[in-house]
$ cat coords_31.cif   # mmCIF, N, CA and C atoms
data_structure
loop_
_atom_site.label_atom_id
_atom_site.label_comp_id
_atom_site.auth_asym_id
_atom_site.auth_seq_id
_atom_site.Cartn_x
_atom_site.Cartn_y
_atom_site.Cartn_z
N LEU A 16 -33.27 -4.16 22.89
CA LEU A 16 -32.02 -3.63 22.34
C LEU A 16 -32.25 -3.13 20.92
N GLY A 17 -33.04 -3.87 20.14
CA GLY A 17 -33.31 -3.44 18.78
C GLY A 17 -34.07 -2.12 18.74
N ALA A 18 -35.03 -1.95 19.64
CA ALA A 18 -35.79 -0.69 19.69
C ALA A 18 -34.89 0.45 20.14
N MET A 19 -33.96 0.18 21.03
CA MET A 19 -33.05 1.23 21.50
C MET A 19 -32.16 1.72 20.37
N VAL A 20 -31.73 0.82 19.52
CA VAL A 20 -30.88 1.21 18.39
C VAL A 20 -31.65 2.15 17.47
N VAL A 21 -32.91 1.83 17.20
CA VAL A 21 -33.72 2.67 16.34
C VAL A 21 -33.94 4.04 16.98
N LEU A 22 -34.23 4.06 18.27
CA LEU A 22 -34.47 5.34 18.96
C LEU A 22 -33.22 6.20 19.06
N LEU A 23 -32.05 5.59 19.10
CA LEU A 23 -30.82 6.35 19.21
C LEU A 23 -30.31 6.88 17.87
N ASN A 24 -30.76 6.31 16.76
CA ASN A 24 -30.25 6.73 15.46
C ASN A 24 -30.51 8.21 15.18
N VAL A 25 -31.69 8.69 15.50
CA VAL A 25 -32.02 10.09 15.19
C VAL A 25 -31.15 11.06 15.98
N PRO A 26 -31.06 10.98 17.32
CA PRO A 26 -30.22 11.95 18.02
C PRO A 26 -28.73 11.82 17.71
N VAL A 27 -28.26 10.59 17.51
CA VAL A 27 -26.83 10.40 17.22
C VAL A 27 -26.48 11.01 15.86
N ASN A 28 -27.30 10.71 14.86
CA ASN A 28 -27.03 11.28 13.54
C ASN A 28 -27.22 12.79 13.52
N SER A 29 -28.19 13.30 14.27
CA SER A 29 -28.39 14.75 14.34
C SER A 29 -27.19 15.44 14.99
N LEU A 30 -26.67 14.86 16.06
CA LEU A 30 -25.50 15.43 16.71
C LEU A 30 -24.30 15.39 15.78
N ARG A 31 -24.13 14.29 15.06
CA ARG A 31 -23.01 14.19 14.13
C ARG A 31 -23.14 15.23 13.02
N GLN A 32 -24.33 15.41 12.48
CA GLN A 32 -24.52 16.39 11.41
C GLN A 32 -24.29 17.81 11.90
N ALA A 33 -24.62 18.07 13.16
CA ALA A 33 -24.46 19.42 13.70
C ALA A 33 -23.02 19.74 14.07
N THR A 34 -22.23 18.74 14.38
CA THR A 34 -20.89 19.01 14.90
C THR A 34 -19.75 18.70 13.94
N VAL A 35 -19.98 17.79 13.00
CA VAL A 35 -18.90 17.40 12.07
C VAL A 35 -18.96 18.30 10.84
N PRO A 36 -17.83 18.84 10.42
CA PRO A 36 -17.82 19.68 9.22
C PRO A 36 -18.31 18.89 8.00
N ASP A 37 -18.89 19.62 7.06
CA ASP A 37 -19.46 18.98 5.87
C ASP A 37 -18.47 18.08 5.14
N TYR A 38 -17.25 18.52 4.99
CA TYR A 38 -16.28 17.76 4.21
C TYR A 38 -15.82 16.48 4.91
N LEU A 39 -16.09 16.34 6.21
CA LEU A 39 -15.71 15.13 6.95
C LEU A 39 -16.90 14.24 7.30
N ARG A 40 -18.09 14.66 6.98
CA ARG A 40 -19.29 13.95 7.43
C ARG A 40 -19.35 12.51 6.89
N GLY A 41 -19.02 12.31 5.63
CA GLY A 41 -19.04 10.96 5.07
C GLY A 41 -18.02 10.04 5.73
N ARG A 42 -16.86 10.58 6.00
CA ARG A 42 -15.81 9.79 6.67
C ARG A 42 -16.21 9.46 8.11
N ALA A 43 -16.81 10.42 8.77
CA ALA A 43 -17.26 10.18 10.15
C ALA A 43 -18.34 9.11 10.19
N GLN A 44 -19.26 9.16 9.24
CA GLN A 44 -20.33 8.15 9.17
C GLN A 44 -19.74 6.78 8.86
N ALA A 45 -18.79 6.72 7.94
CA ALA A 45 -18.16 5.44 7.59
C ALA A 45 -17.39 4.86 8.77
N ALA A 46 -16.65 5.70 9.48
CA ALA A 46 -15.92 5.23 10.65
C ALA A 46 -16.87 4.72 11.72
N ASN A 47 -17.97 5.42 11.92
CA ASN A 47 -18.96 4.99 12.90
C ASN A 47 -19.55 3.63 12.52
N ARG A 48 -19.90 3.47 11.26
CA ARG A 48 -20.47 2.20 10.80
C ARG A 48 -19.48 1.04 10.98
N ILE A 49 -18.21 1.28 10.68
CA ILE A 49 -17.22 0.22 10.82
C ILE A 49 -17.07 -0.16 12.29
N LEU A 50 -16.98 0.83 13.16
CA LEU A 50 -16.82 0.53 14.59
C LEU A 50 -18.04 -0.20 15.15
N VAL A 51 -19.23 0.27 14.81
CA VAL A 51 -20.45 -0.33 15.36
C VAL A 51 -20.64 -1.74 14.84
N THR A 52 -20.55 -1.92 13.52
CA THR A 52 -20.81 -3.25 12.97
C THR A 52 -19.71 -4.25 13.31
N SER A 53 -18.51 -3.79 13.58
CA SER A 53 -17.46 -4.73 13.98
C SER A 53 -17.66 -5.24 15.40
N MET A 54 -18.46 -4.56 16.18
CA MET A 54 -18.73 -5.00 17.55
C MET A 54 -19.73 -6.15 17.60
N TYR A 55 -20.55 -6.33 16.57
CA TYR A 55 -21.54 -7.41 16.58
C TYR A 55 -20.89 -8.79 16.69
N PRO A 56 -19.96 -9.15 15.83
CA PRO A 56 -19.36 -10.49 15.98
C PRO A 56 -18.51 -10.62 17.24
N ILE A 57 -17.87 -9.53 17.64
CA ILE A 57 -17.06 -9.58 18.87
C ILE A 57 -17.97 -9.83 20.07
N GLY A 58 -19.10 -9.15 20.12
CA GLY A 58 -20.06 -9.36 21.20
C GLY A 58 -20.66 -10.76 21.18
N ALA A 59 -20.92 -11.28 19.98
CA ALA A 59 -21.47 -12.63 19.87
C ALA A 59 -20.47 -13.67 20.37
N ILE A 60 -19.22 -13.50 20.02
CA ILE A 60 -18.19 -14.43 20.48
C ILE A 60 -18.01 -14.33 21.99
N ALA A 61 -17.93 -13.11 22.50
CA ALA A 61 -17.77 -12.93 23.95
C ALA A 61 -18.97 -13.49 24.71
N GLY A 62 -20.16 -13.23 24.21
CA GLY A 62 -21.36 -13.74 24.87
C GLY A 62 -21.42 -15.26 24.86
N SER A 63 -21.04 -15.87 23.76
CA SER A 63 -21.07 -17.33 23.70
C SER A 63 -20.01 -17.95 24.60
N LEU A 64 -18.85 -17.31 24.69
CA LEU A 64 -17.81 -17.83 25.59
C LEU A 64 -18.24 -17.71 27.06
N ILE A 65 -18.84 -16.58 27.41
CA ILE A 65 -19.31 -16.41 28.80
C ILE A 65 -20.43 -17.40 29.08
N ALA A 66 -21.35 -17.57 28.12
CA ALA A 66 -22.46 -18.52 28.33
C ALA A 66 -21.95 -19.95 28.45
N ALA A 67 -20.95 -20.31 27.66
CA ALA A 67 -20.42 -21.67 27.75
C ALA A 67 -19.73 -21.92 29.09
N ALA A 68 -19.07 -20.89 29.60
CA ALA A 68 -18.33 -21.06 30.84
C ALA A 68 -19.20 -20.91 32.09
N TYR A 69 -20.18 -19.97 32.05
CA TYR A 69 -20.91 -19.64 33.27
C TYR A 69 -22.42 -19.80 33.18
N GLY A 70 -22.95 -20.02 31.99
CA GLY A 70 -24.39 -20.20 31.84
C GLY A 70 -25.07 -18.92 31.34
N ALA A 71 -26.30 -19.11 30.88
CA ALA A 71 -27.05 -18.01 30.26
C ALA A 71 -27.41 -16.92 31.27
N ARG A 72 -27.78 -17.30 32.47
CA ARG A 72 -28.18 -16.30 33.47
C ARG A 72 -27.04 -15.33 33.78
N THR A 73 -25.85 -15.85 33.95
CA THR A 73 -24.69 -15.00 34.21
C THR A 73 -24.37 -14.12 33.00
N THR A 74 -24.54 -14.67 31.81
CA THR A 74 -24.29 -13.90 30.60
C THR A 74 -25.23 -12.71 30.51
N PHE A 75 -26.52 -12.93 30.77
CA PHE A 75 -27.47 -11.82 30.72
C PHE A 75 -27.22 -10.81 31.83
N ALA A 76 -26.81 -11.27 32.99
CA ALA A 76 -26.48 -10.34 34.08
C ALA A 76 -25.27 -9.50 33.70
N PHE A 77 -24.26 -10.12 33.12
CA PHE A 77 -23.07 -9.39 32.68
C PHE A 77 -23.42 -8.36 31.61
N ALA A 78 -24.23 -8.77 30.64
CA ALA A 78 -24.65 -7.85 29.57
C ALA A 78 -25.44 -6.68 30.14
N SER A 79 -26.28 -6.94 31.13
CA SER A 79 -27.06 -5.87 31.76
C SER A 79 -26.15 -4.87 32.46
N VAL A 80 -25.15 -5.36 33.15
CA VAL A 80 -24.20 -4.48 33.84
C VAL A 80 -23.42 -3.63 32.83
N VAL A 81 -23.00 -4.25 31.73
CA VAL A 81 -22.26 -3.51 30.70
C VAL A 81 -23.14 -2.43 30.08
N LEU A 82 -24.40 -2.76 29.75
CA LEU A 82 -25.31 -1.77 29.18
C LEU A 82 -25.61 -0.65 30.18
N LEU A 83 -25.79 -0.99 31.44
CA LEU A 83 -26.02 0.04 32.45
C LEU A 83 -24.81 0.95 32.57
N GLY A 84 -23.62 0.36 32.51
CA GLY A 84 -22.40 1.18 32.54
C GLY A 84 -22.33 2.13 31.36
N ALA A 85 -22.74 1.66 30.18
CA ALA A 85 -22.74 2.52 28.99
C ALA A 85 -23.73 3.67 29.16
N VAL A 86 -24.91 3.38 29.71
CA VAL A 86 -25.91 4.43 29.93
C VAL A 86 -25.39 5.45 30.93
N ILE A 87 -24.77 5.01 32.00
CA ILE A 87 -24.22 5.93 33.00
C ILE A 87 -23.10 6.77 32.40
N PHE A 88 -22.24 6.14 31.60
CA PHE A 88 -21.15 6.87 30.95
C PHE A 88 -21.69 7.98 30.05
N ILE A 89 -22.66 7.66 29.24
CA ILE A 89 -23.23 8.65 28.34
C ILE A 89 -23.97 9.73 29.12
N ALA A 90 -24.71 9.35 30.15
CA ALA A 90 -25.46 10.33 30.95
C ALA A 90 -24.53 11.31 31.65
N ARG A 91 -23.34 10.87 32.05
CA ARG A 91 -22.40 11.75 32.74
C ARG A 91 -21.51 12.53 31.79
N SER A 92 -21.54 12.17 30.50
CA SER A 92 -20.71 12.87 29.53
C SER A 92 -21.35 14.20 29.14
N PRO A 93 -20.62 15.05 28.45
CA PRO A 93 -21.20 16.33 28.04
C PRO A 93 -22.19 16.21 26.88
N ILE A 94 -22.34 15.04 26.30
CA ILE A 94 -23.19 14.89 25.13
C ILE A 94 -24.66 15.27 25.41
N PRO A 95 -25.28 14.80 26.49
CA PRO A 95 -26.69 15.16 26.70
C PRO A 95 -26.91 16.67 26.91
N ARG A 96 -25.89 17.38 27.34
CA ARG A 96 -26.03 18.81 27.60
C ARG A 96 -25.44 19.66 26.47
N ALA A 97 -25.07 19.03 25.38
CA ALA A 97 -24.43 19.74 24.27
C ALA A 97 -25.41 20.68 23.60
N SER A 98 -24.93 21.83 23.25
CA SER A 98 -25.75 22.76 22.48
C SER A 98 -25.22 22.78 21.05
N LEU A 99 -26.10 23.06 20.14
CA LEU A 99 -25.72 23.07 18.74
C LEU A 99 -24.87 24.30 18.44
N PRO A 100 -23.85 24.14 17.62
CA PRO A 100 -23.02 25.29 17.27
C PRO A 100 -23.81 26.25 16.38
N THR A 101 -23.53 27.52 16.55
CA THR A 101 -24.17 28.51 15.70
C THR A 101 -23.28 28.75 14.50
N LYS A 102 -23.89 28.90 13.35
CA LYS A 102 -23.12 29.07 12.12
C LYS A 102 -23.11 30.50 11.69
#
$ encode --input "coords_31.cif" --output "structure tokens"
Amino acid sequence: LGAMVVLLNVPVNSLRQATVPDYLRGRAQAANRILVTSMYPIGAIAGSLIAAAYGARTTFAFASVVLLGAVIFIARSPIPRASLPTK
């Protein structure tokens, strides 16, 4: 997961720089950081609650399904086929 985050930073930031107007880029980056970093404690709490109720194996299976769903969602979205705007 840690390696995936590093590998995704370059294309995500490149897409944001190409599509967000200059005057909004700082706000878009700040909003992204708030949303992403706020998910860490929420995920930790959810994972610990699932692990306490169902065990570690079920927790990892659930996390795998959620991550696979995210990959499928992104793969089916227009983002992978997006072309850069011409200026």
$ atom_distance --input "coords_31.cif" --atom1 "CA of Ala66 (chain A)" --atom2 "atom N of Phe88 (chain A)"
24.9 Å
$ atom_distance --input "coords_31.cif" --atom1 "atom C of Phe75 (chain A)" --atom2 "atom C of Pro93 (chain A)"
27.9 Å
$ atom_distance --input "coords_31.cif" --atom1 "CA of Ala71 (chain A)" --atom2 "atom N of Ala85 (chain A)"
20.1 Å
$ axis_aligned_box --input "coords_31.cif" --around "region 72-78 of chain A" --padding-each-side "5 Å" --output "JSON"
{"center_x": -25.6, "center_y": -12.0, "center_z": 31.9, "size_x": 15.1, "size_y": 20.6, "size_z": 14.6}
$ select_by_dssp --input "coords_31.cif" --residues "region 21-50 of chain A" --states "alpha helix (DSSP H)" --output "PyMOL selection string"
chain A and resi 21-34+40-50
$ resolve_selection --input "coords_31.cif" --expression "the PyMOL selection byres (((chain A and resi 24-34 and name CA) around 12) and name CA)" --output "PyMOL selection string"
chain A and resi 17-23+35-48+89+94-102
$ decode --input "coords_31.cif" --residues "region 64-77 of chain A" --atoms "all heavy atoms" --output "compact mmCIF listing (two decimals), in the first residue's frame"
# COMPACT_ATOMS: atom_id res chain seq x y z
N LEU A 64 -12.30 -2.02 14.51
CA LEU A 64 -13.63 -2.51 14.89
C LEU A 64 -13.98 -3.81 14.17
O LEU A 64 -14.53 -4.74 14.76
CB LEU A 64 -14.69 -1.44 14.61
CG LEU A 64 -14.65 -0.20 15.50
CD1 LEU A 64 -15.65 0.84 15.02
CD2 LEU A 64 -14.90 -0.58 16.95
N ILE A 65 -13.65 -3.87 12.88
CA ILE A 65 -13.91 -5.10 12.12
C ILE A 65 -13.06 -6.23 12.66
O ILE A 65 -13.52 -7.37 12.82
CB ILE A 65 -13.68 -4.87 10.62
CG1 ILE A 65 -14.70 -3.88 10.06
CG2 ILE A 65 -13.75 -6.19 9.84
CD1 ILE A 65 -14.39 -3.42 8.65
N ALA A 66 -11.78 -5.94 12.95
CA ALA A 66 -10.89 -6.98 13.48
C ALA A 66 -11.35 -7.47 14.84
O ALA A 66 -11.28 -8.67 15.13
CB ALA A 66 -9.46 -6.44 13.56
N ALA A 67 -11.83 -6.56 15.68
CA ALA A 67 -12.30 -6.98 17.00
C ALA A 67 -13.55 -7.85 16.90
O ALA A 67 -13.72 -8.79 17.67
CB ALA A 67 -12.59 -5.75 17.86
N ALA A 68 -14.40 -7.54 15.93
CA ALA A 68 -15.65 -8.28 15.81
C ALA A 68 -15.50 -9.59 15.03
O ALA A 68 -16.13 -10.59 15.37
CB ALA A 68 -16.71 -7.40 15.15
N TYR A 69 -14.65 -9.58 13.97
CA TYR A 69 -14.61 -10.72 13.06
C TYR A 69 -13.24 -11.37 12.90
O TYR A 69 -13.13 -12.39 12.26
CB TYR A 69 -15.12 -10.30 11.68
CG TYR A 69 -16.52 -9.78 11.71
CD1 TYR A 69 -16.79 -8.43 11.61
CD2 TYR A 69 -17.60 -10.65 11.85
CE1 TYR A 69 -18.07 -7.94 11.64
CE2 TYR A 69 -18.90 -10.18 11.88
CZ TYR A 69 -19.12 -8.81 11.78
OH TYR A 69 -20.41 -8.34 11.82
N GLY A 70 -12.20 -10.75 13.41
CA GLY A 70 -10.86 -11.32 13.30
C GLY A 70 -10.05 -10.67 12.17
O GLY A 70 -10.58 -9.98 11.30
N ALA A 71 -8.75 -10.91 12.22
CA ALA A 71 -7.82 -10.28 11.28
C ALA A 71 -8.03 -10.78 9.85
O ALA A 71 -7.95 -9.99 8.90
CB ALA A 71 -6.38 -10.53 11.71
N ARG A 72 -8.28 -12.05 9.67
CA ARG A 72 -8.44 -12.59 8.32
C ARG A 72 -9.61 -11.93 7.59
O ARG A 72 -9.51 -11.54 6.44
CB ARG A 72 -8.64 -14.10 8.39
CG ARG A 72 -8.75 -14.74 7.01
CD ARG A 72 -8.69 -16.21 7.10
NE ARG A 72 -7.30 -16.55 7.42
CZ ARG A 72 -6.87 -17.75 7.66
NH1 ARG A 72 -7.70 -18.76 7.65
NH2 ARG A 72 -5.61 -17.97 7.92
N THR A 73 -10.72 -11.78 8.27
CA THR A 73 -11.89 -11.12 7.67
C THR A 73 -11.60 -9.65 7.38
O THR A 73 -12.02 -9.12 6.35
CB THR A 73 -13.10 -11.25 8.61
OG1 THR A 73 -13.33 -12.63 8.87
CG2 THR A 73 -14.33 -10.62 8.00
N THR A 74 -10.85 -9.01 8.27
CA THR A 74 -10.50 -7.61 8.07
C THR A 74 -9.67 -7.44 6.81
O THR A 74 -9.92 -6.53 6.00
CB THR A 74 -9.74 -7.08 9.30
OG1 THR A 74 -10.54 -7.28 10.46
CG2 THR A 74 -9.42 -5.61 9.14
N PHE A 75 -8.67 -8.29 6.62
CA PHE A 75 -7.84 -8.19 5.42
C PHE A 75 -8.62 -8.54 4.16
O PHE A 75 -8.41 -7.93 3.11
CB PHE A 75 -6.60 -9.08 5.54
CG PHE A 75 -5.55 -8.50 6.44
CD1 PHE A 75 -5.17 -9.17 7.59
CD2 PHE A 75 -4.96 -7.29 6.16
CE1 PHE A 75 -4.21 -8.65 8.43
CE2 PHE A 75 -4.00 -6.75 6.99
CZ PHE A 75 -3.62 -7.43 8.14
N ALA A 76 -9.53 -9.49 4.25
CA ALA A 76 -10.37 -9.82 3.10
C ALA A 76 -11.27 -8.63 2.74
O ALA A 76 -11.41 -8.29 1.56
CB ALA A 76 -11.21 -11.06 3.39
N PHE A 77 -11.85 -7.99 3.74
CA PHE A 77 -12.70 -6.83 3.51
C PHE A 77 -11.90 -5.69 2.89
O PHE A 77 -12.35 -5.05 1.94
CB PHE A 77 -13.34 -6.38 4.83
CG PHE A 77 -14.21 -5.17 4.70
CD1 PHE A 77 -15.45 -5.25 4.10
CD2 PHE A 77 -13.78 -3.94 5.17
CE1 PHE A 77 -16.27 -4.14 3.97
CE2 PHE A 77 -14.58 -2.82 5.06
CZ PHE A 77 -15.82 -2.92 4.45
